[in-house]
>>> print(open('protein.pdb').read())   # PDB, C-alpha atoms
ATOM      1  CA  MET A   1      24.258  -1.558  21.900
ATOM      2  CA  THR A   2      25.660   1.096  19.587
ATOM      3  CA  ILE A   3      27.839  -1.559  17.979
ATOM      4  CA  VAL A   4      24.761  -3.713  17.255
ATOM      5  CA  CYS A   5      23.050  -0.704  15.667
ATOM      6  CA  ILE A   6      26.112   0.072  13.539
ATOM      7  CA  LEU A   7      26.347  -3.566  12.444
ATOM      8  CA  LEU A   8      22.658  -3.674  11.496
ATOM      9  CA  ILE A   9      22.783  -0.423   9.526
ATOM     10  CA  THR A  10      26.022  -1.439   7.789
ATOM     11  CA  ALA A  11      24.525  -4.787   6.827
ATOM     12  CA  GLY A  12      21.466  -2.972   5.501
ATOM     13  CA  ILE A  13      23.589  -0.627   3.389
ATOM     14  CA  PHE A  14      25.538  -3.621   2.130
ATOM     15  CA  PHE A  15      22.290  -5.238   1.027
ATOM     16  CA  PHE A  16      21.281  -2.032  -0.779
ATOM     17  CA  PHE A  17      24.660  -2.037  -2.522
ATOM     18  CA  ALA A  18      24.225  -5.677  -3.496
ATOM     19  CA  GLY A  19      20.784  -4.858  -4.873
ATOM     20  CA  ALA A  20      22.231  -2.124  -7.057
ATOM     21  CA  VAL A  21      25.006  -4.409  -8.279
ATOM     22  CA  GLY A  22      22.462  -7.113  -9.004
ATOM     23  CA  VAL A  23      20.323  -4.775 -11.084
ATOM     24  CA  ILE A  24      23.367  -4.051 -13.245
ATOM     25  CA  ARG A  25      24.676  -7.608 -13.510
ATOM     26  CA  PHE A  26      21.584  -9.677 -14.162
ATOM     27  CA  PRO A  27      20.812 -10.323 -17.801
ATOM     28  CA  ASP A  28      17.215  -9.271 -18.420
ATOM     29  CA  PHE A  29      14.148  -7.379 -17.300
ATOM     30  CA  TYR A  30      12.636 -10.157 -15.180
ATOM     31  CA  SER A  31      15.759 -11.327 -13.417
ATOM     32  CA  ARG A  32      16.721  -7.732 -12.627
ATOM     33  CA  LEU A  33      13.539  -7.396 -10.613
ATOM     34  CA  HIS A  34      14.720 -10.038  -8.172
ATOM     35  CA  PRO A  35      17.539  -7.969  -6.661
ATOM     36  CA  ALA A  36      15.666  -4.685  -7.181
ATOM     37  CA  GLY A  37      12.605  -5.712  -5.234
ATOM     38  CA  MET A  38      13.846  -8.301  -2.788
ATOM     39  CA  ILE A  39      17.360  -7.458  -1.661
ATOM     40  CA  ASP A  40      16.304  -3.831  -1.207
ATOM     41  CA  SER A  41      13.478  -4.845   1.130
ATOM     42  CA  MET A  42      15.967  -6.887   3.129
ATOM     43  CA  GLY A  43      18.331  -3.924   3.333
ATOM     44  CA  LEU A  44      15.479  -1.729   4.467
ATOM     45  CA  LEU A  45      14.499  -4.228   7.158
ATOM     46  CA  LEU A  46      18.049  -4.360   8.504
ATOM     47  CA  SER A  47      18.807  -0.641   8.421
ATOM     48  CA  MET A  48      15.413   0.366   9.801
ATOM     49  CA  SER A  49      15.639  -2.084  12.704
ATOM     50  CA  GLY A  50      19.088  -0.676  13.382
ATOM     51  CA  LEU A  51      17.644   2.843  13.470
ATOM     52  CA  ALA A  52      14.752   1.810  15.723
ATOM     53  CA  LEU A  53      17.163   0.136  18.113
ATOM     54  CA  TYR A  54      19.361   3.238  18.087
ATOM     55  CA  VAL A  55      16.441   5.513  18.943
ATOM     56  CA  LEU A  56      15.382   3.260  21.797
ATOM     57  CA  SER A  57      18.834   2.688  23.251
ATOM     58  CA  HIS A  58      20.078   6.293  23.072
ATOM     59  CA  GLY A  59      16.971   8.310  23.876
ATOM     60  CA  GLY A  60      15.752   6.054  26.659
ATOM     61  CA  LEU A  61      12.435   4.259  26.817
ATOM     62  CA  THR A  62      10.207   7.330  26.857
ATOM     63  CA  GLY A  63       6.827   7.437  25.185
ATOM     64  CA  ALA A  64       7.973   9.673  22.355
ATOM     65  CA  ASN A  65      10.904   7.409  21.527
ATOM     66  CA  ILE A  66       8.766   4.282  21.529
ATOM     67  CA  LEU A  67       6.367   6.075  19.184
ATOM     68  CA  THR A  68       9.252   6.927  16.856
ATOM     69  CA  ALA A  69      10.367   3.299  16.878
ATOM     70  CA  ILE A  70       6.829   2.172  16.068
ATOM     71  CA  LYS A  71       6.736   4.571  13.128
ATOM     72  CA  ILE A  72      10.037   3.210  11.838
ATOM     73  CA  ILE A  73       8.714  -0.350  12.111
ATOM     74  CA  LEU A  74       5.542   0.768  10.265
ATOM     75  CA  ILE A  75       7.723   1.854   7.328
ATOM     76  CA  VAL A  76       9.118  -1.677   7.111
ATOM     77  CA  ILE A  77       5.665  -3.272   7.344
ATOM     78  CA  PHE A  78       4.241  -1.082   4.577
ATOM     79  CA  VAL A  79       7.206  -1.708   2.303
ATOM     80  CA  TYR A  80       6.862  -5.451   2.890
ATOM     81  CA  ILE A  81       3.227  -5.252   1.829
ATOM     82  CA  THR A  82       3.710  -2.997  -1.199
ATOM     83  CA  SER A  83       7.030  -4.268  -2.554
ATOM     84  CA  PRO A  84       5.862  -7.752  -3.651
ATOM     85  CA  THR A  85       2.686  -6.230  -5.051
ATOM     86  CA  ALA A  86       4.618  -3.696  -7.119
ATOM     87  CA  THR A  87       7.098  -6.327  -8.293
ATOM     88  CA  HIS A  88       4.257  -8.581  -9.329
ATOM     89  CA  ALA A  89       2.583  -5.720 -11.208
ATOM     90  CA  ILE A  90       5.788  -4.987 -13.135
ATOM     91  CA  VAL A  91       6.338  -8.651 -14.037
ATOM     92  CA  ASP A  92       2.721  -9.033 -15.054
ATOM     93  CA  ALA A  93       2.987  -5.966 -17.286
ATOM     94  CA  GLY A  94       6.083  -7.433 -18.920
ATOM     95  CA  ILE A  95       4.409 -10.773 -19.608
ATOM     96  CA  ARG A  96       1.280  -9.087 -20.958
ATOM     97  CA  ALA A  97       3.357  -6.934 -23.280
ATOM     98  CA  GLY A  98       4.908 -10.122 -24.640
ATOM     99  CA  LEU A  99       8.510  -9.749 -23.500
ATOM    100  CA  ALA A 100      10.064 -13.194 -23.384
ATOM    101  CA  PRO A 101      12.249 -14.022 -20.390
ATOM    102  CA  TRP A 102      15.961 -14.510 -20.884
ATOM    103  CA  THR A 103      16.886 -18.164 -20.847
ATOM    104  CA  LYS A 104      20.216 -19.905 -20.951
ATOM    105  CA  LYS A 105      19.783 -21.384 -24.414
ATOM    106  CA  ILE A 106      19.481 -18.074 -26.236
ATOM    107  CA  LYS A 107      22.877 -16.711 -25.121
ATOM    108  CA  GLU A 108      22.704 -13.353 -26.789
ATOM    109  CA  LYS A 109      25.790 -11.214 -27.022
ATOM    110  CA  SER A 110      23.997  -8.153 -25.733
ATOM    111  CA  ASP A 111      24.022  -9.736 -22.269
ATOM    112  CA  ASP A 112      27.283  -8.019 -21.397
ATOM    113  CA  ASP A 113      25.712  -4.618 -21.813
ATOM    114  CA  PRO A 114      26.270  -3.003 -18.416
ATOM    115  CA  HIS A 115      23.189  -0.830 -18.541
TER     116      HIS A 115
ATOM    117  CA  MET B 116     -12.145  -9.642  -7.251
ATOM    118  CA  ILE B 117     -15.014 -11.993  -6.662
ATOM    119  CA  ARG B 118     -16.495 -11.605  -3.266
ATOM    120  CA  LYS B 119     -16.739 -14.810  -1.307
ATOM    121  CA  LYS B 120     -20.194 -15.957  -0.394
ATOM    122  CA  THR B 121     -20.777 -17.605   2.928
ATOM    123  CA  PRO B 122     -24.156 -19.293   2.780
ATOM    124  CA  SER B 123     -23.703 -21.053   6.104
ATOM    125  CA  GLN B 124     -23.786 -17.740   7.937
ATOM    126  CA  PRO B 125     -25.540 -18.023  11.290
ATOM    127  CA  GLN B 126     -28.760 -16.070  11.462
ATOM    128  CA  ALA B 127     -28.008 -14.628  14.894
ATOM    129  CA  GLU B 128     -25.285 -12.381  13.516
ATOM    130  CA  ARG B 129     -27.447 -10.968  10.788
ATOM    131  CA  SER B 130     -30.430 -10.207  12.949
ATOM    132  CA  GLU B 131     -28.587  -8.546  15.777
ATOM    133  CA  SER B 132     -29.296  -5.183  14.178
ATOM    134  CA  GLY B 133     -30.928  -4.138  10.953
ATOM    135  CA  ASN B 134     -27.723  -3.481   9.031
ATOM    136  CA  GLY B 135     -25.300  -5.369  11.262
ATOM    137  CA  SER B 136     -23.401  -6.723   8.277
ATOM    138  CA  ARG B 137     -22.444  -3.182   7.349
ATOM    139  CA  LEU B 138     -21.885  -1.865  10.844
ATOM    140  CA  VAL B 139     -19.210  -4.366  11.820
ATOM    141  CA  PRO B 140     -16.783  -3.575   8.953
ATOM    142  CA  PHE B 141     -17.386   0.121   9.600
ATOM    143  CA  VAL B 142     -16.430  -0.173  13.265
ATOM    144  CA  VAL B 143     -13.391  -2.317  12.521
ATOM    145  CA  THR B 144     -12.190   0.065   9.812
ATOM    146  CA  PHE B 145     -12.689   2.999  12.134
ATOM    147  CA  ALA B 146     -10.725   1.290  14.911
ATOM    148  CA  VAL B 147      -7.825   0.475  12.582
ATOM    149  CA  MET B 148      -7.780   4.035  11.178
ATOM    150  CA  MET B 149      -7.944   5.607  14.614
ATOM    151  CA  THR B 150      -5.105   3.451  15.956
ATOM    152  CA  THR B 151      -2.965   4.453  12.992
ATOM    153  CA  TRP B 152      -3.874   8.114  13.497
ATOM    154  CA  VAL B 153      -2.911   8.105  17.178
ATOM    155  CA  ALA B 154       0.303   6.196  16.511
ATOM    156  CA  LEU B 155       1.341   8.571  13.741
ATOM    157  CA  SER B 156       0.336  11.873  15.321
ATOM    158  CA  GLY B 157       1.372  11.103  18.885
ATOM    159  CA  LYS B 158      -0.634  14.044  20.205
ATOM    160  CA  LEU B 159      -3.461  13.294  22.601
ATOM    161  CA  ASP B 160      -5.082  16.726  23.003
ATOM    162  CA  VAL B 161      -8.692  17.411  22.085
ATOM    163  CA  PHE B 162      -7.936  19.315  18.883
ATOM    164  CA  HIS B 163      -5.844  16.597  17.236
ATOM    165  CA  LEU B 164      -8.056  13.758  18.452
ATOM    166  CA  SER B 165     -11.232  15.382  17.142
ATOM    167  CA  LEU B 166      -9.570  15.973  13.782
ATOM    168  CA  GLY B 167      -8.659  12.287  13.774
ATOM    169  CA  VAL B 168     -12.165  11.150  14.639
ATOM    170  CA  LEU B 169     -13.612  13.342  11.897
ATOM    171  CA  SER B 170     -11.275  12.166   9.140
ATOM    172  CA  CYS B 171     -11.458   8.527  10.236
ATOM    173  CA  LEU B 172     -15.252   8.709  10.127
ATOM    174  CA  ILE B 173     -15.161  10.070   6.589
ATOM    175  CA  VAL B 174     -12.633   7.504   5.393
ATOM    176  CA  SER B 175     -14.354   4.521   6.967
ATOM    177  CA  PHE B 176     -17.745   5.715   5.703
ATOM    178  CA  ILE B 177     -16.420   5.745   2.144
ATOM    179  CA  SER B 178     -14.174   2.697   2.152
ATOM    180  CA  SER B 179     -15.312   0.318   4.858
ATOM    181  CA  ASP B 180     -16.606  -2.169   2.297
ATOM    182  CA  LEU B 181     -13.279  -2.088   0.451
ATOM    183  CA  LEU B 182     -10.986  -2.784   3.359
ATOM    184  CA  ILE B 183     -12.937  -5.599   4.959
ATOM    185  CA  THR B 184     -14.768  -7.863   2.566
ATOM    186  CA  ALA B 185     -15.499 -10.751   4.905
ATOM    187  CA  THR B 186     -19.012 -10.772   6.255
ATOM    188  CA  SER B 187     -18.192 -13.110   9.108
ATOM    189  CA  PHE B 188     -15.635 -12.503  11.787
ATOM    190  CA  LYS B 189     -15.845 -16.018  13.152
ATOM    191  CA  GLY B 190     -12.420 -17.610  13.312
ATOM    192  CA  MET B 191     -10.647 -14.330  12.539
ATOM    193  CA  ALA B 192      -8.792 -14.368  15.865
ATOM    194  CA  GLY B 193      -7.509 -17.885  15.303
ATOM    195  CA  LEU B 194      -6.507 -16.974  11.764
ATOM    196  CA  TRP B 195      -4.477 -13.995  12.908
ATOM    197  CA  PHE B 196      -2.912 -16.077  15.649
ATOM    198  CA  ARG B 197      -1.824 -18.792  13.205
ATOM    199  CA  PHE B 198      -0.628 -16.082  10.797
ATOM    200  CA  ILE B 199       1.585 -14.562  13.499
ATOM    201  CA  ILE B 200       3.023 -18.020  14.153
ATOM    202  CA  TYR B 201       3.689 -18.325  10.409
ATOM    203  CA  MET B 202       5.552 -14.980  10.295
ATOM    204  CA  PRO B 203       8.879 -16.060  11.907
ATOM    205  CA  TRP B 204       9.172 -18.985   9.519
ATOM    206  CA  LEU B 205       8.547 -16.651   6.562
ATOM    207  CA  ILE B 206      11.161 -14.179   7.816
ATOM    208  CA  LYS B 207      13.663 -17.010   8.237
ATOM    209  CA  GLU B 208      12.977 -18.126   4.659
ATOM    210  CA  ILE B 209      13.358 -14.553   3.396
ATOM    211  CA  VAL B 210      16.721 -14.147   5.134
ATOM    212  CA  LEU B 211      18.048 -17.496   3.873
ATOM    213  CA  ALA B 212      16.903 -16.807   0.308
ATOM    214  CA  ASN B 213      18.372 -13.293   0.483
ATOM    215  CA  ILE B 214      21.784 -14.665   1.379
ATOM    216  CA  HIS B 215      21.473 -17.141  -1.480
ATOM    217  CA  LEU B 216      20.645 -14.332  -3.923
ATOM    218  CA  LEU B 217      23.443 -12.207  -2.464
ATOM    219  CA  LYS B 218      25.929 -14.955  -3.324
ATOM    220  CA  LEU B 219      24.514 -15.067  -6.858
ATOM    221  CA  VAL B 220      24.863 -11.304  -7.293
ATOM    222  CA  PHE B 221      28.571 -11.319  -6.473
ATOM    223  CA  HIS B 222      29.338 -14.561  -8.268
ATOM    224  CA  PRO B 223      32.005 -14.003 -10.923
ATOM    225  CA  ARG B 224      30.385 -16.362 -13.458
ATOM    226  CA  LEU B 225      26.863 -15.082 -12.977
ATOM    227  CA  HIS B 226      25.488 -16.097 -16.355
ATOM    228  CA  GLU B 227      26.472 -19.712 -15.858
ATOM    229  CA  LYS B 228      24.978 -19.947 -12.397
ATOM    230  CA  ILE B 229      21.556 -18.528 -13.061
ATOM    231  CA  ASN B 230      18.879 -20.287 -15.037
ATOM    232  CA  PRO B 231      15.799 -18.065 -15.291
ATOM    233  CA  GLN B 232      12.670 -20.063 -15.907
ATOM    234  CA  LEU B 233       8.915 -19.885 -15.705
ATOM    235  CA  ILE B 234       7.363 -22.658 -13.687
ATOM    236  CA  GLU B 235       3.673 -23.447 -13.443
ATOM    237  CA  PHE B 236       1.832 -25.358 -10.802
ATOM    238  CA  ARG B 237      -1.628 -25.579  -9.321
ATOM    239  CA  SER B 238      -2.364 -25.065  -5.679
ATOM    240  CA  ARG B 239      -5.041 -27.072  -3.955
ATOM    241  CA  MET B 240      -6.035 -24.211  -1.676
ATOM    242  CA  LYS B 241      -9.528 -22.829  -2.057
ATOM    243  CA  ASP B 242      -9.452 -19.755   0.158
ATOM    244  CA  GLU B 243      -8.827 -16.573  -1.847
ATOM    245  CA  MET B 244      -6.980 -14.840   0.939
ATOM    246  CA  GLY B 245      -4.768 -17.902   1.306
ATOM    247  CA  LEU B 246      -3.980 -17.887  -2.408
ATOM    248  CA  VAL B 247      -3.067 -14.200  -2.311
ATOM    249  CA  THR B 248      -0.942 -14.679   0.809
ATOM    250  CA  PHE B 249       0.836 -17.548  -0.895
ATOM    251  CA  ALA B 250       1.463 -15.443  -4.006
ATOM    252  CA  ASN B 251       2.866 -12.576  -1.953
ATOM    253  CA  SER B 252       5.000 -14.944   0.110
ATOM    254  CA  ILE B 253       6.477 -16.367  -3.091
ATOM    255  CA  THR B 254       7.280 -12.875  -4.325
ATOM    256  CA  LEU B 255       8.763 -11.859  -0.970
ATOM    257  CA  THR B 256      11.141 -14.788  -1.026
ATOM    258  CA  PRO B 257      14.031 -13.662  -3.230
ATOM    259  CA  GLY B 258      14.639 -15.700  -6.335
ATOM    260  CA  THR B 259      10.979 -16.212  -7.128
ATOM    261  CA  ILE B 260       8.318 -13.796  -8.374
ATOM    262  CA  THR B 261       4.679 -14.661  -8.915
ATOM    263  CA  VAL B 262       3.777 -13.756 -12.482
ATOM    264  CA  SER B 263       0.123 -14.621 -12.454
ATOM    265  CA  LEU B 264      -2.479 -16.290 -10.329
ATOM    266  CA  SER B 265      -5.975 -17.353 -11.287
ATOM    267  CA  VAL B 266      -8.999 -17.779  -9.031
ATOM    268  CA  TYR B 267      -8.639 -21.538  -9.387
ATOM    269  CA  GLY B 268      -5.132 -21.498  -7.934
ATOM    270  CA  ASP B 269      -2.995 -21.719 -11.071
ATOM    271  CA  TYR B 270       0.344 -20.093 -10.423
ATOM    272  CA  VAL B 271       3.003 -18.978 -12.867
ATOM    273  CA  VAL B 272       6.252 -18.204 -11.091
ATOM    274  CA  HIS B 273       9.474 -16.718 -12.451
ATOM    275  CA  ALA B 274      12.466 -18.277 -10.729
ATOM    276  CA  ILE B 275      16.030 -17.066 -11.053
ATOM    277  CA  ASP B 276      17.790 -20.424 -10.740
ATOM    278  CA  ASP B 277      17.149 -24.091 -10.103
ATOM    279  CA  ALA B 278      17.710 -23.868  -6.370
ATOM    280  CA  SER B 279      14.961 -21.227  -6.037
ATOM    281  CA  ALA B 280      12.545 -23.093  -8.287
ATOM    282  CA  GLU B 281      12.910 -26.485  -6.655
ATOM    283  CA  PRO B 282      11.115 -26.024  -3.322
ATOM    284  CA  LEU B 283       7.858 -24.773  -4.875
ATOM    285  CA  PRO B 284       5.076 -25.204  -3.927
ATOM    286  CA  GLY B 285       6.208 -27.505  -1.131
ATOM    287  CA  GLU B 286       6.414 -26.541   2.479
ATOM    288  CA  MET B 287       5.250 -22.939   2.096
ATOM    289  CA  GLU B 288       1.919 -24.022   0.611
ATOM    290  CA  THR B 289       1.368 -26.532   3.400
ATOM    291  CA  ARG B 290       2.052 -23.930   6.039
ATOM    292  CA  ILE B 291      -0.247 -21.326   4.485
ATOM    293  CA  ALA B 292      -2.962 -23.941   4.085
ATOM    294  CA  THR B 293      -2.638 -24.617   7.793
ATOM    295  CA  VAL B 294      -2.918 -20.904   8.553
ATOM    296  CA  PHE B 295      -6.160 -20.673   6.619
ATOM    297  CA  GLY B 296      -7.567 -23.833   8.118
ATOM    298  CA  GLU B 297      -7.167 -26.131   5.127
ATOM    299  CA  THR B 298      -5.175 -29.217   5.931
ATOM    300  CA  HIS B 299      -4.110 -31.315   3.000
ATOM    301  CA  GLY B 300      -0.529 -32.579   3.014
TER     302      GLY B 300
END
>>> encode(input="protein.pdb", output="structure tokens")
Amino acid sequence: MTIVCILLITAGIFFFFAGAVGVIRFPDFYSRLHPAGMIDSMGLLLSMSGLALYVLSHGGLTGANILTAIKIILIVIFVYITSPTATHAIVDAGIRAGLAPWTKKIKEKSDDDPH
Amino acid sequence: MIRKKTPSQPQAERSESGNGSRLVPFVVTFAVMMTTWVALSGKLDVFHLSLGVLSCLIVSFISSDLLITATSFKGMAGLWFRFIIYMPWLIKEIVLANIHLLKLVFHPRLHEKINPQLIEFRSRMKDEMGLVTFANSITLTPGTITVSLSVYGDYVVHAIDDASAEPLPGEMETRIATVFGETHG
């Protein structure tokens, strides 16, 4: 069971890493939000379920441990409600401010800027 | 947000008590708050429970008409049931799309693979909650973000590449329409 927990948490951390890499590599404001908002939520889901499983398998199925697991699952649920909402708000703000999305035809040289 | 009017409301529900339409959301809000309180505090002694009852009463008194806008609870149970059935499919889609986006992130020729685009389409759903659920489901699925949504069901979606943009609205809309009791192919 410990191995399953370690695998889950490692996969979650890998997703977080991929999200960070994606934020750096994608070309513009809008496409950067995809890895920032989505891959991070996935990483959170994986690592938090790993933690909940760890609590349950190592502490035994006592009431306090089940409560802790429920709290950990609540974190995931709240993030999955708020994350798309926040992402949508950011995109909407960008569109309202008039920032045009990066498209393939423009091909600006500033795309290689790593920041 | 425009509150939905339900003119076909049965009279029996209204007349069961003088302000029944306000009492029901209050009780539901209080129950939800209290469950959250007990789950988060984990202490069942009189002191902590009475604190919880007090603060939940205050919160649900102030915000019961914000949390629950529906005046009718008919069909709510079936809706939640169908929504819970919809959840595993959504999670499967999220995982698949995540792996797709993960491949994109580590692709050496990233700028050739992606093709960011804004796509527009109109949904045939009428239910507001269904439209919002659909918008949030689109945003949750990696590769697509809902940019804007109008009351009439006009969506503008930012998609990261062609593979993410292609399946919209498609199967997800059909499934959400089924959840909210609107069946149209």
>>> residues_around(input="protein.pdb", residues="Lys71 of chain A", least_positions_apart="3", cutoff="12 Å", atoms="only C-alpha atoms", output="PDB file with C-alpha atoms, in the frame of the given file")
ATOM      1  CA  MET A  48      15.413   0.366   9.801  1.00  0.00           C
ATOM      2  CA  SER A  49      15.639  -2.084  12.704  1.00  0.00           C
ATOM      3  CA  LEU A  51      17.644   2.843  13.470  1.00  0.00           C
ATOM      4  CA  ALA A  52      14.752   1.810  15.723  1.00  0.00           C
ATOM      5  CA  VAL A  55      16.441   5.513  18.943  1.00  0.00           C
ATOM      6  CA  ALA A  64       7.973   9.673  22.355  1.00  0.00           C
ATOM      7  CA  ASN A  65      10.904   7.409  21.527  1.00  0.00           C
ATOM      8  CA  ILE A  66       8.766   4.282  21.529  1.00  0.00           C
ATOM      9  CA  LEU A  67       6.367   6.075  19.184  1.00  0.00           C
ATOM     10  CA  THR A  68       9.252   6.927  16.856  1.00  0.00           C
ATOM     11  CA  LEU A  74       5.542   0.768  10.265  1.00  0.00           C
ATOM     12  CA  ILE A  75       7.723   1.854   7.328  1.00  0.00           C
ATOM     13  CA  VAL A  76       9.118  -1.677   7.111  1.00  0.00           C
ATOM     14  CA  ILE A  77       5.665  -3.272   7.344  1.00  0.00           C
ATOM     15  CA  PHE A  78       4.241  -1.082   4.577  1.00  0.00           C
TER      16      PHE A  78
ATOM     17  CA  THR B 151      -2.965   4.453  12.992  1.00  0.00           C
ATOM     18  CA  TRP B 152      -3.874   8.114  13.497  1.00  0.00           C
ATOM     19  CA  VAL B 153      -2.911   8.105  17.178  1.00  0.00           C
ATOM     20  CA  ALA B 154       0.303   6.196  16.511  1.00  0.00           C
ATOM     21  CA  LEU B 155       1.341   8.571  13.741  1.00  0.00           C
ATOM     22  CA  SER B 156       0.336  11.873  15.321  1.00  0.00           C
ATOM     23  CA  GLY B 157       1.372  11.103  18.885  1.00  0.00           C
TER      24      GLY B 157
END
>>> closest_atom_pairs(input="protein.pdb", of="chain B", to="chain A", cutoff="8 Å", atoms="all atoms listed in the file", output="JSON lines")
{"residue": "B:Ala154", "atom": "CA", "partner": "A:Leu67", "partner_atom": "CA", "distance": 6.6}
{"residue": "B:Leu155", "atom": "CA", "partner": "A:Lys71", "partner_atom": "CA", "distance": 6.7}
{"residue": "B:Gly157", "atom": "CA", "partner": "A:Leu67", "partner_atom": "CA", "distance": 7.1}
{"residue": "B:Val210", "atom": "CA", "partner": "A:Met42", "partner_atom": "CA", "distance": 7.6}
{"residue": "B:Asn213", "atom": "CA", "partner": "A:Ile39", "partner_atom": "CA", "distance": 6.3}
{"residue": "B:Leu216", "atom": "CA", "partner": "A:Pro35", "partner_atom": "CA", "distance": 7.6}
{"residue": "B:Leu217", "atom": "CA", "partner": "A:Ala18", "partner_atom": "CA", "distance": 6.7}
{"residue": "B:Val220", "atom": "CA", "partner": "A:Gly22", "partner_atom": "CA", "distance": 5.1}
{"residue": "B:Phe221", "atom": "CA", "partner": "A:Ala18", "partner_atom": "CA", "distance": 7.7}
{"residue": "B:Leu225", "atom": "CA", "partner": "A:Phe26", "partner_atom": "CA", "distance": 7.6}
{"residue": "B:His226", "atom": "CA", "partner": "A:Pro27", "partner_atom": "CA", "distance": 7.6}
{"residue": "B:Asn230", "atom": "CA", "partner": "A:Lys104", "partner_atom": "CA", "distance": 6.1}
{"residue": "B:Pro231", "atom": "CA", "partner": "A:Thr103", "partner_atom": "CA", "distance": 5.7}
{"residue": "B:Gln232", "atom": "CA", "partner": "A:Thr103", "partner_atom": "CA", "distance": 6.8}
{"residue": "B:Asn251", "atom": "CA", "partner": "A:Pro84", "partner_atom": "CA", "distance": 5.9}
{"residue": "B:Thr254", "atom": "CA", "partner": "A:Pro84", "partner_atom": "CA", "distance": 5.4}
{"residue": "B:Leu255", "atom": "CA", "partner": "A:Pro84", "partner_atom": "CA", "distance": 5.7}
{"residue": "B:Thr256", "atom": "CA", "partner": "A:Met38", "partner_atom": "CA", "distance": 7.2}
{"residue": "B:Pro257", "atom": "CA", "partner": "A:Met38", "partner_atom": "CA", "distance": 5.4}
{"residue": "B:Gly258", "atom": "CA", "partner": "A:His34", "partner_atom": "CA", "distance": 6.0}
{"residue": "B:Thr259", "atom": "CA", "partner": "A:His34", "partner_atom": "CA", "distance": 7.3}
{"residue": "B:Ile260", "atom": "CA", "partner": "A:His88", "partner_atom": "CA", "distance": 6.7}
{"residue": "B:Thr261", "atom": "CA", "partner": "A:His88", "partner_atom": "CA", "distance": 6.1}
{"residue": "B:Val262", "atom": "CA", "partner": "A:Asp92", "partner_atom": "CA", "distance": 5.5}
{"residue": "B:Ser263", "atom": "CA", "partner": "A:Asp92", "partner_atom": "CA", "distance": 6.7}
{"residue": "B:His273", "atom": "CA", "partner": "A:Tyr30", "partner_atom": "CA", "distance": 7.8}
{"residue": "B:Ile275", "atom": "CA", "partner": "A:Ser31", "partner_atom": "CA", "distance": 6.2}
>>> residues_around(input="protein.pdb", residues="Tyr54 of chain A", least_positions_apart="4", cutoff="8 Å", atoms="all atoms listed in the file", output="VMD selection string")
chain A and resid 1 to 2 5 50 58
>>> atom_distance(input="protein.pdb", atom1="atom CA of Val168 of chain B", atom2="atom CA of Val79 of chain A")
26.3 Å
>>> atom_distance(input="protein.pdb", atom1="atom CA of His215 of chain B", atom2="atom CA of Thr289 of chain B")
22.7 Å
>>> atom_distance(input="protein.pdb", atom1="atom CA of Leu219 of chain B", atom2="atom CA of Leu99 of chain A")
23.7 Å
>>> axis_aligned_box(input="protein.pdb", around="segment 257-265 of chain B", padding_each_side="3 Å", output="AutoDock Vina command-line options")
--center_x 4.3 --center_y -15.5 --center_z -7.9 --size_x 26.6 --size_y 9.7 --size_z 15.3
>>> resolve_selection(input="protein.pdb", expression="the PyMOL selection byres ((chain A and resi 8) around 8)", output="number ranges by chain")
A: 4-7, 9-12, 46-47, 49-50
>>> residues_around(input="protein.pdb", residues="Ser179 of chain B", least_positions_apart="6", cutoff="6 Å", atoms="all atoms listed in the file", output="list in words")
Pro140, Phe141 and Thr144 of chain B
>>> closest_residue(input="protein.pdb", among="A:Ile3, A:Ala69, A:Ala100, A:Leu44", to="Leu56 of chain A", atoms="all atoms listed in the file")
A:Ala69
>>> resolve_selection(input="protein.pdb", expression="the PyMOL selection byres ((chain B and resi 240-245) around 9)", output="list in words")
Lys119, Arg237, Ser238, Arg239, Leu246, Val247, Thr248, Phe249, Ala250, Val266, Tyr267, Gly268, Glu288, Ile291, Ala292, Val294, Phe295, Glu297 and His299 of chain B
>>> write_last_selection(input="protein.pdb", atoms="C-alpha atoms", output="PDB file, in the coordinates of the input")
ATOM      1  CA  LYS B 119     -16.739 -14.810  -1.307  1.00  0.00           C
ATOM      2  CA  ARG B 237      -1.628 -25.579  -9.321  1.00  0.00           C
ATOM      3  CA  SER B 238      -2.364 -25.065  -5.679  1.00  0.00           C
ATOM      4  CA  ARG B 239      -5.041 -27.072  -3.955  1.00  0.00           C
ATOM      5  CA  LEU B 246      -3.980 -17.887  -2.408  1.00  0.00           C
ATOM      6  CA  VAL B 247      -3.067 -14.200  -2.311  1.00  0.00           C
ATOM      7  CA  THR B 248      -0.942 -14.679   0.809  1.00  0.00           C
ATOM      8  CA  PHE B 249       0.836 -17.548  -0.895  1.00  0.00           C
ATOM      9  CA  ALA B 250       1.463 -15.443  -4.006  1.00  0.00           C
ATOM     10  CA  VAL B 266      -8.999 -17.779  -9.031  1.00  0.00           C
ATOM     11  CA  TYR B 267      -8.639 -21.538  -9.387  1.00  0.00           C
ATOM     12  CA  GLY B 268      -5.132 -21.498  -7.934  1.00  0.00           C
ATOM     13  CA  GLU B 288       1.919 -24.022   0.611  1.00  0.00           C
ATOM     14  CA  ILE B 291      -0.247 -21.326   4.485  1.00  0.00           C
ATOM     15  CA  ALA B 292      -2.962 -23.941   4.085  1.00  0.00           C
ATOM     16  CA  VAL B 294      -2.918 -20.904   8.553  1.00  0.00           C
ATOM     17  CA  PHE B 295      -6.160 -20.673   6.619  1.00  0.00           C
ATOM     18  CA  GLU B 297      -7.167 -26.131   5.127  1.00  0.00           C
ATOM     19  CA  HIS B 299      -4.110 -31.315   3.000  1.00  0.00           C
TER      20      HIS B 299
END
